[in-house]
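What follows is model38.pdb (PDB, C-alpha atoms).
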MODEL        1
ATOM      1  CA  MET A   1      58.658  49.785 128.992  1.00  0.00           C
ATOM      2  CA  THR A   2      55.903  47.334 128.055  1.00  0.00           C
ATOM      3  CA  THR A   3      57.169  43.979 126.847  1.00  0.00           C
ATOM      4  CA  LEU A   4      55.041  41.898 124.498  1.00  0.00           C
ATOM      5  CA  THR A   5      55.092  38.580 126.343  1.00  0.00           C
ATOM      6  CA  ARG A   6      52.452  36.186 127.570  1.00  0.00           C
ATOM      7  CA  TRP A   7      50.678  37.968 130.413  1.00  0.00           C
ATOM      8  CA  MET A   8      50.961  36.273 133.788  1.00  0.00           C
ATOM      9  CA  ALA A   9      48.509  38.630 135.476  1.00  0.00           C
ATOM     10  CA  PRO A  10      45.952  41.212 134.369  1.00  0.00           C
ATOM     11  CA  THR A  11      48.702  43.667 133.411  1.00  0.00           C
ATOM     12  CA  PRO A  12      50.670  44.422 130.265  1.00  0.00           C
ATOM     13  CA  LEU A  13      53.902  44.408 132.325  1.00  0.00           C
ATOM     14  CA  SER A  14      56.114  41.333 132.585  1.00  0.00           C
ATOM     15  CA  LEU A  15      58.307  40.232 135.482  1.00  0.00           C
ATOM     16  CA  HIS A  16      61.270  41.541 133.508  1.00  0.00           C
ATOM     17  CA  ASP A  17      59.562  44.954 133.197  1.00  0.00           C
ATOM     18  CA  LEU A  18      58.974  45.087 136.964  1.00  0.00           C
ATOM     19  CA  VAL A  19      62.553  44.118 137.783  1.00  0.00           C
ATOM     20  CA  GLN A  20      63.779  46.835 135.416  1.00  0.00           C
ATOM     21  CA  LEU A  21      61.377  49.351 136.959  1.00  0.00           C
ATOM     22  CA  SER A  22      62.579  48.538 140.490  1.00  0.00           C
ATOM     23  CA  ARG A  23      66.211  48.900 139.328  1.00  0.00           C
ATOM     24  CA  THR A  24      65.503  52.227 137.621  1.00  0.00           C
ATOM     25  CA  ILE A  25      63.809  53.651 140.713  1.00  0.00           C
ATOM     26  CA  ALA A  26      66.634  52.273 142.901  1.00  0.00           C
ATOM     27  CA  THR A  27      69.081  54.277 140.777  1.00  0.00           C
ATOM     28  CA  GLU A  28      66.975  57.400 141.382  1.00  0.00           C
ATOM     29  CA  VAL A  29      66.965  56.744 145.136  1.00  0.00           C
ATOM     30  CA  ALA A  30      70.746  56.224 145.159  1.00  0.00           C
ATOM     31  CA  ALA A  31      71.126  59.560 143.332  1.00  0.00           C
ATOM     32  CA  GLY A  32      69.201  61.325 146.135  1.00  0.00           C
ATOM     33  CA  ARG A  33      66.026  62.015 144.138  1.00  0.00           C
ATOM     34  CA  HIS A  34      63.725  60.489 146.802  1.00  0.00           C
ATOM     35  CA  GLU A  35      63.529  60.989 150.563  1.00  0.00           C
ATOM     36  CA  VAL A  36      64.753  58.072 152.710  1.00  0.00           C
ATOM     37  CA  ARG A  37      64.085  57.546 156.418  1.00  0.00           C
ATOM     38  CA  PHE A  38      64.963  54.779 158.852  1.00  0.00           C
ATOM     39  CA  ASP A  39      62.639  54.172 161.801  1.00  0.00           C
ATOM     40  CA  PRO A  40      63.863  51.763 164.523  1.00  0.00           C
ATOM     41  CA  VAL A  41      60.272  50.998 165.608  1.00  0.00           C
ATOM     42  CA  GLU A  42      58.384  50.421 162.307  1.00  0.00           C
ATOM     43  CA  ARG A  43      59.467  49.861 158.738  1.00  0.00           C
ATOM     44  CA  TRP A  44      59.230  53.192 156.965  1.00  0.00           C
ATOM     45  CA  HIS A  45      57.819  53.207 153.437  1.00  0.00           C
ATOM     46  CA  THR A  46      56.612  55.630 150.819  1.00  0.00           C
ATOM     47  CA  ARG A  47      54.940  55.300 147.436  1.00  0.00           C
ATOM     48  CA  LEU A  48      56.924  56.528 144.426  1.00  0.00           C
ATOM     49  CA  PRO A  49      55.748  57.187 140.850  1.00  0.00           C
ATOM     50  CA  GLY A  50      55.380  53.912 138.964  1.00  0.00           C
ATOM     51  CA  GLY A  51      53.383  54.689 135.865  1.00  0.00           C
ATOM     52  CA  ALA A  52      49.875  53.640 134.851  1.00  0.00           C
ATOM     53  CA  TYR A  53      50.255  49.900 135.523  1.00  0.00           C
ATOM     54  CA  ALA A  54      52.462  49.641 138.614  1.00  0.00           C
ATOM     55  CA  ASP A  55      52.818  50.601 142.262  1.00  0.00           C
ATOM     56  CA  VAL A  56      56.370  51.360 143.400  1.00  0.00           C
ATOM     57  CA  TRP A  57      57.352  51.512 147.053  1.00  0.00           C
ATOM     58  CA  LEU A  58      60.557  52.475 148.815  1.00  0.00           C
ATOM     59  CA  ILE A  59      60.919  50.531 152.093  1.00  0.00           C
ATOM     60  CA  SER A  60      63.575  50.874 154.801  1.00  0.00           C
ATOM     61  CA  TRP A  61      64.411  48.070 157.228  1.00  0.00           C
ATOM     62  CA  THR A  62      66.353  48.383 160.466  1.00  0.00           C
ATOM     63  CA  GLU A  63      67.677  45.361 162.370  1.00  0.00           C
ATOM     64  CA  ASP A  64      65.069  42.640 163.024  1.00  0.00           C
ATOM     65  CA  GLN A  65      62.313  44.347 161.011  1.00  0.00           C
ATOM     66  CA  GLY A  66      60.473  42.139 158.561  1.00  0.00           C
ATOM     67  CA  ALA A  67      57.265  41.236 156.783  1.00  0.00           C
ATOM     68  CA  ASP A  68      55.322  38.110 157.773  1.00  0.00           C
ATOM     69  CA  LEU A  69      54.910  35.259 155.260  1.00  0.00           C
ATOM     70  CA  HIS A  70      52.587  36.711 152.573  1.00  0.00           C
ATOM     71  CA  ASP A  71      51.588  36.937 148.918  1.00  0.00           C
ATOM     72  CA  HIS A  72      50.625  39.978 146.840  1.00  0.00           C
ATOM     73  CA  GLY A  73      47.103  39.014 145.831  1.00  0.00           C
ATOM     74  CA  GLY A  74      46.732  39.093 142.043  1.00  0.00           C
ATOM     75  CA  SER A  75      49.880  41.144 141.455  1.00  0.00           C
ATOM     76  CA  LEU A  76      53.267  40.323 139.980  1.00  0.00           C
ATOM     77  CA  GLY A  77      56.141  41.829 141.921  1.00  0.00           C
ATOM     78  CA  ALA A  78      59.824  42.684 141.974  1.00  0.00           C
ATOM     79  CA  LEU A  79      62.267  44.092 144.457  1.00  0.00           C
ATOM     80  CA  THR A  80      65.745  45.583 144.296  1.00  0.00           C
ATOM     81  CA  VAL A  81      67.956  45.936 147.383  1.00  0.00           C
ATOM     82  CA  LEU A  82      69.855  49.252 147.452  1.00  0.00           C
ATOM     83  CA  GLN A  83      71.557  49.019 150.824  1.00  0.00           C
ATOM     84  CA  GLY A  84      72.238  46.294 153.366  1.00  0.00           C
ATOM     85  CA  THR A  85      71.131  42.682 153.072  1.00  0.00           C
ATOM     86  CA  LEU A  86      67.616  41.283 153.265  1.00  0.00           C
ATOM     87  CA  THR A  87      66.781  37.665 154.041  1.00  0.00           C
ATOM     88  CA  GLU A  88      63.920  36.140 152.062  1.00  0.00           C
ATOM     89  CA  HIS A  89      62.162  32.847 152.831  1.00  0.00           C
ATOM     90  CA  ARG A  90      60.015  31.707 149.930  1.00  0.00           C
ATOM     91  CA  TRP A  91      57.572  28.829 149.654  1.00  0.00           C
ATOM     92  CA  LEU A  92      58.597  26.261 147.050  1.00  0.00           C
ATOM     93  CA  PRO A  93      55.458  24.218 146.305  1.00  0.00           C
ATOM     94  CA  THR A  94      57.126  22.358 143.429  1.00  0.00           C
ATOM     95  CA  ALA A  95      59.970  20.954 145.521  1.00  0.00           C
ATOM     96  CA  ARG A  96      59.927  17.217 146.198  1.00  0.00           C
ATOM     97  CA  VAL A  97      58.853  18.198 149.691  1.00  0.00           C
ATOM     98  CA  PRO A  98      57.215  21.646 149.664  1.00  0.00           C
ATOM     99  CA  ARG A  99      59.075  23.934 152.039  1.00  0.00           C
ATOM    100  CA  LEU A 100      60.388  27.387 152.799  1.00  0.00           C
ATOM    101  CA  VAL A 101      63.782  28.089 151.279  1.00  0.00           C
ATOM    102  CA  GLY A 102      65.900  31.001 152.417  1.00  0.00           C
ATOM    103  CA  ARG A 103      68.293  33.247 150.575  1.00  0.00           C
ATOM    104  CA  ARG A 104      70.175  36.439 151.253  1.00  0.00           C
ATOM    105  CA  LEU A 105      69.598  39.424 148.962  1.00  0.00           C
ATOM    106  CA  ALA A 106      72.569  41.792 149.147  1.00  0.00           C
ATOM    107  CA  ALA A 107      72.744  45.367 147.881  1.00  0.00           C
ATOM    108  CA  GLY A 108      72.404  45.294 144.085  1.00  0.00           C
ATOM    109  CA  SER A 109      70.240  42.132 144.079  1.00  0.00           C
ATOM    110  CA  SER A 110      66.940  42.138 142.193  1.00  0.00           C
ATOM    111  CA  VAL A 111      64.259  39.447 142.093  1.00  0.00           C
ATOM    112  CA  GLY A 112      60.903  39.133 140.346  1.00  0.00           C
ATOM    113  CA  PHE A 113      58.002  37.065 141.598  1.00  0.00           C
ATOM    114  CA  PRO A 114      54.851  35.789 139.865  1.00  0.00           C
ATOM    115  CA  VAL A 115      51.251  35.801 141.061  1.00  0.00           C
ATOM    116  CA  GLY A 116      50.894  33.352 143.942  1.00  0.00           C
ATOM    117  CA  TYR A 117      54.473  33.772 145.195  1.00  0.00           C
ATOM    118  CA  VAL A 118      54.542  33.421 148.982  1.00  0.00           C
ATOM    119  CA  HIS A 119      57.505  34.812 150.920  1.00  0.00           C
ATOM    120  CA  ASP A 120      58.681  36.781 153.900  1.00  0.00           C
ATOM    121  CA  VAL A 121      61.440  39.373 153.916  1.00  0.00           C
ATOM    122  CA  ALA A 122      63.492  40.601 156.866  1.00  0.00           C
ATOM    123  CA  ASN A 123      66.608  42.488 157.821  1.00  0.00           C
ATOM    124  CA  THR A 124      68.334  40.114 160.224  1.00  0.00           C
ATOM    125  CA  GLY A 125      71.621  42.037 160.329  1.00  0.00           C
ATOM    126  CA  PRO A 126      72.737  45.185 162.144  1.00  0.00           C
ATOM    127  CA  GLU A 127      73.131  47.363 159.012  1.00  0.00           C
ATOM    128  CA  PRO A 128      69.957  49.175 157.889  1.00  0.00           C
ATOM    129  CA  ALA A 129      68.598  47.949 154.554  1.00  0.00           C
ATOM    130  CA  LEU A 130      66.740  49.796 151.815  1.00  0.00           C
ATOM    131  CA  SER A 131      64.715  48.287 148.970  1.00  0.00           C
ATOM    132  CA  VAL A 132      62.436  49.276 146.090  1.00  0.00           C
ATOM    133  CA  HIS A 133      59.339  47.112 145.427  1.00  0.00           C
ATOM    134  CA  ALA A 134      57.175  47.222 142.290  1.00  0.00           C
ATOM    135  CA  TYR A 135      53.768  45.535 141.857  1.00  0.00           C
ATOM    136  CA  SER A 136      51.544  45.194 138.821  1.00  0.00           C
ATOM    137  CA  PRO A 137      48.663  45.475 138.646  1.00  0.00           C
ATOM    138  CA  PRO A 138      48.835  47.849 141.610  1.00  0.00           C
ATOM    139  CA  LEU A 139      48.517  46.089 144.960  1.00  0.00           C
ATOM    140  CA  THR A 140      44.934  45.591 146.203  1.00  0.00           C
ATOM    141  CA  ALA A 141      45.193  42.606 148.568  1.00  0.00           C
ATOM    142  CA  MET A 142      47.705  40.597 150.576  1.00  0.00           C
ATOM    143  CA  SER A 143      47.198  37.185 152.171  1.00  0.00           C
ATOM    144  CA  TYR A 144      49.254  35.951 155.105  1.00  0.00           C
ATOM    145  CA  TYR A 145      50.326  32.368 155.799  1.00  0.00           C
ATOM    146  CA  GLN A 146      51.813  29.955 158.312  1.00  0.00           C
ATOM    147  CA  VAL A 147      53.462  26.584 157.805  1.00  0.00           C
ATOM    148  CA  ASP A 148      51.543  24.110 159.968  1.00  0.00           C
ATOM    149  CA  ASP A 149      52.914  21.133 161.912  1.00  0.00           C
ATOM    150  CA  ALA A 150      52.394  18.876 158.877  1.00  0.00           C
ATOM    151  CA  GLY A 151      54.557  21.180 156.737  1.00  0.00           C
ATOM    152  CA  ALA A 152      51.595  22.509 154.743  1.00  0.00           C
ATOM    153  CA  LEU A 153      51.086  26.168 153.882  1.00  0.00           C
ATOM    154  CA  ARG A 154      47.942  27.589 155.541  1.00  0.00           C
ATOM    155  CA  ARG A 155      46.421  31.004 154.791  1.00  0.00           C
ATOM    156  CA  THR A 156      45.660  32.782 158.066  1.00  0.00           C
ATOM    157  CA  ARG A 157      44.122  36.024 156.804  1.00  0.00           C
ATOM    158  CA  THR A 158      43.639  38.259 153.776  1.00  0.00           C
ATOM    159  CA  LEU A 159      43.679  42.050 153.822  1.00  0.00           C
ATOM    160  CA  LEU A 160      42.324  44.383 151.188  1.00  0.00           C
ATOM    161  CA  THR A 161      45.038  47.012 150.948  1.00  0.00           C
ATOM    162  CA  ASN A 162      46.895  49.285 148.564  1.00  0.00           C
ATOM    163  CA  ASP A 163      49.831  49.464 150.999  1.00  0.00           C
ATOM    164  CA  PRO A 164      52.608  46.841 151.102  1.00  0.00           C
ATOM    165  CA  GLU A 165      53.115  47.570 154.810  1.00  0.00           C
ATOM    166  CA  PRO A 166      49.607  47.261 156.282  1.00  0.00           C
ATOM    167  CA  ARG A 167      50.942  45.950 159.587  1.00  0.00           C
ATOM    168  CA  ALA A 168      54.689  46.469 159.947  1.00  0.00           C
ATOM    169  CA  LYS A 169      56.236  44.896 163.040  1.00  0.00           C
ATOM    170  CA  PRO A 170      59.597  43.553 164.231  1.00  0.00           C
ATOM    171  CA  VAL A 171      60.536  39.982 163.340  1.00  0.00           C
ATOM    172  CA  THR A 172      61.001  37.760 166.391  1.00  0.00           C
ATOM    173  CA  ALA A 173      62.098  34.446 164.855  1.00  0.00           C
ATOM    174  CA  GLU A 174      62.864  32.719 161.570  1.00  0.00           C
ATOM    175  CA  PRO A 175      60.326  30.234 160.150  1.00  0.00           C
ATOM    176  CA  ALA A 176      60.614  26.715 161.595  1.00  0.00           C
ATOM    177  CA  ALA A 177      60.635  24.968 158.205  1.00  0.00           C
ATOM    178  CA  LEU A 178      63.634  26.862 156.819  1.00  0.00           C
ATOM    179  CA  ALA A 179      66.073  25.240 154.396  1.00  0.00           C
ATOM    180  CA  LEU A 180      68.833  27.436 153.005  1.00  0.00           C
ATOM    181  CA  GLU A 181      69.429  26.764 149.342  1.00  0.00           C
ATOM    182  CA  PRO A 182      72.917  26.034 148.007  1.00  0.00           C
ATOM    183  CA  ALA A 183      74.897  29.031 146.771  1.00  0.00           C
ATOM    184  CA  ALA A 184      74.635  27.730 143.184  1.00  0.00           C
ATOM    185  CA  TYR A 185      70.893  28.503 143.192  1.00  0.00           C
ATOM    186  CA  ARG A 186      71.032  32.050 144.568  1.00  0.00           C
TER     187      ARG A 186
ENDMDL
END

Would you write out, as structure tokens, the structure that this file holds?
Amino acid sequence: MTTLTRWMAPTPLSLHDLVQLSRTIATEVAAGRHEVRFDPVERWHTRLPGGAYADVWLISWTEDQGADLHDHGGSLGALTVLQGTLTEHRWLPTARVPRLVGRRLAAGSSVGFPVGYVHDVANTGPEPALSVHAYSPPLTAMSYYQVDDAGALRRTRTLLTNDPEPRAKPVTAEPAALALEPAAYR
């Protein structure tokens, strides 16, 4: 599984490796090899085997459940959507005007994200969603952010955690600085 590429984090795994790992585990979940639950109050999640260099998590999302704007500390990450559609808003610091850009991730979609990637993820539709997330090195910290009135990204807190759901709660609104990207860039 290890790819010999320039390391982007203190791990021998690449973004490609993590995307492939999340897809492989998603196939196992779809085949019924892992328990799945949906909780209408809190996002349900469970850790799955990920090997020596990665954490893998299975996360279910019912309507209006989401994760606040966050990063994954010093970890690379990837996610694969198995069921439903998730909405992701990600911070684009290299845009002419830095901003949050939204996209929909439908069942079968996979994305990888480097160290420093800031995003939120939510299920804004009525159909329950299910996703597999992989992090390498294994998750040890998450920082949370807000976009201030000047349009700048501000860190609000950092948690030491080995759990991608340290404070699951329902989503109440979309970020104010949202710009949906054209379909050609999804």

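If all atoms listed in the file are the atoms counted, then among A:Pro164, A:Leu130, A:Tyr145, A:Ala122 the closest residue to Ala30 in chain A is A:Leu130.
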
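Nearest to Asp68 in chain A of all the residues A:Ser14, A:Pro138, A:His89, A:Arg37 is A:His89, counting only C-alpha atoms.
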
- Please write as an MDAnalysis selection string the list of polymer residues whose atoms come within 12 Å of (58.0, 25.6, 140.1), counting all atoms listed in the file and keeping to the coordinates of the file. chainID A and resid 90:96 98 113:114 116:117

Please determine an axis-aligned box that encloses all atoms of range 142-147 of chain A listed in the file, with 4 Å added on each side, and express its centre and edge lengths in Å to one decimal as lines of an AutoDock Vina configuration file.
center_x = 50.3
center_y = 33.6
center_z = 154.4
size_x = 14.3
size_y = 22.0
size_z = 15.7

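If you look at CA of Trp44 in chain A and CA of Ile59 in chain A, they are 5.8 Å away from each other.
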
- I would like the residues chosen by the PyMOL selection byres ((chain A and resi 156) around 9) on the shown file; could you give them as a PyMOL selection string? chain A and resi 143-146+154-155+157-158

- Task: Report the distance between CA of Pro12 in chain A and CA of Gly73 in chain A in Å, rounded to one decimal place.
- Result: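 Rounded to one decimal, the two atoms are 16.9 Å apart.
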
Can you pull out every residue within 8 Å of Ala106 in chain A, counting all atoms listed in the file, but drop anything in the same chain fewer than 5 positions away, and send it as a compact mmCIF listing (two decimals) with C-alpha atoms, in the coordinates of the input?
# COMPACT_ATOMS: atom_id res chain seq x y z
CA VAL A 81 67.96 45.94 147.38
CA GLN A 83 71.56 49.02 150.82
CA GLY A 84 72.24 46.29 153.37
CA THR A 85 71.13 42.68 153.07
CA LEU A 86 67.62 41.28 153.26

- Query: Which polymer residues have any atom within 9 Å of an atom of Pro126 in chain A, counting all atoms listed in the file, with same-chain residues fewer than 4 positions away left out, as a list in words?
  - Reply: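 So, after excluding close chain neighbours, the residues are Thr62, Glu63, Asp64 and Gly84 of chain A.
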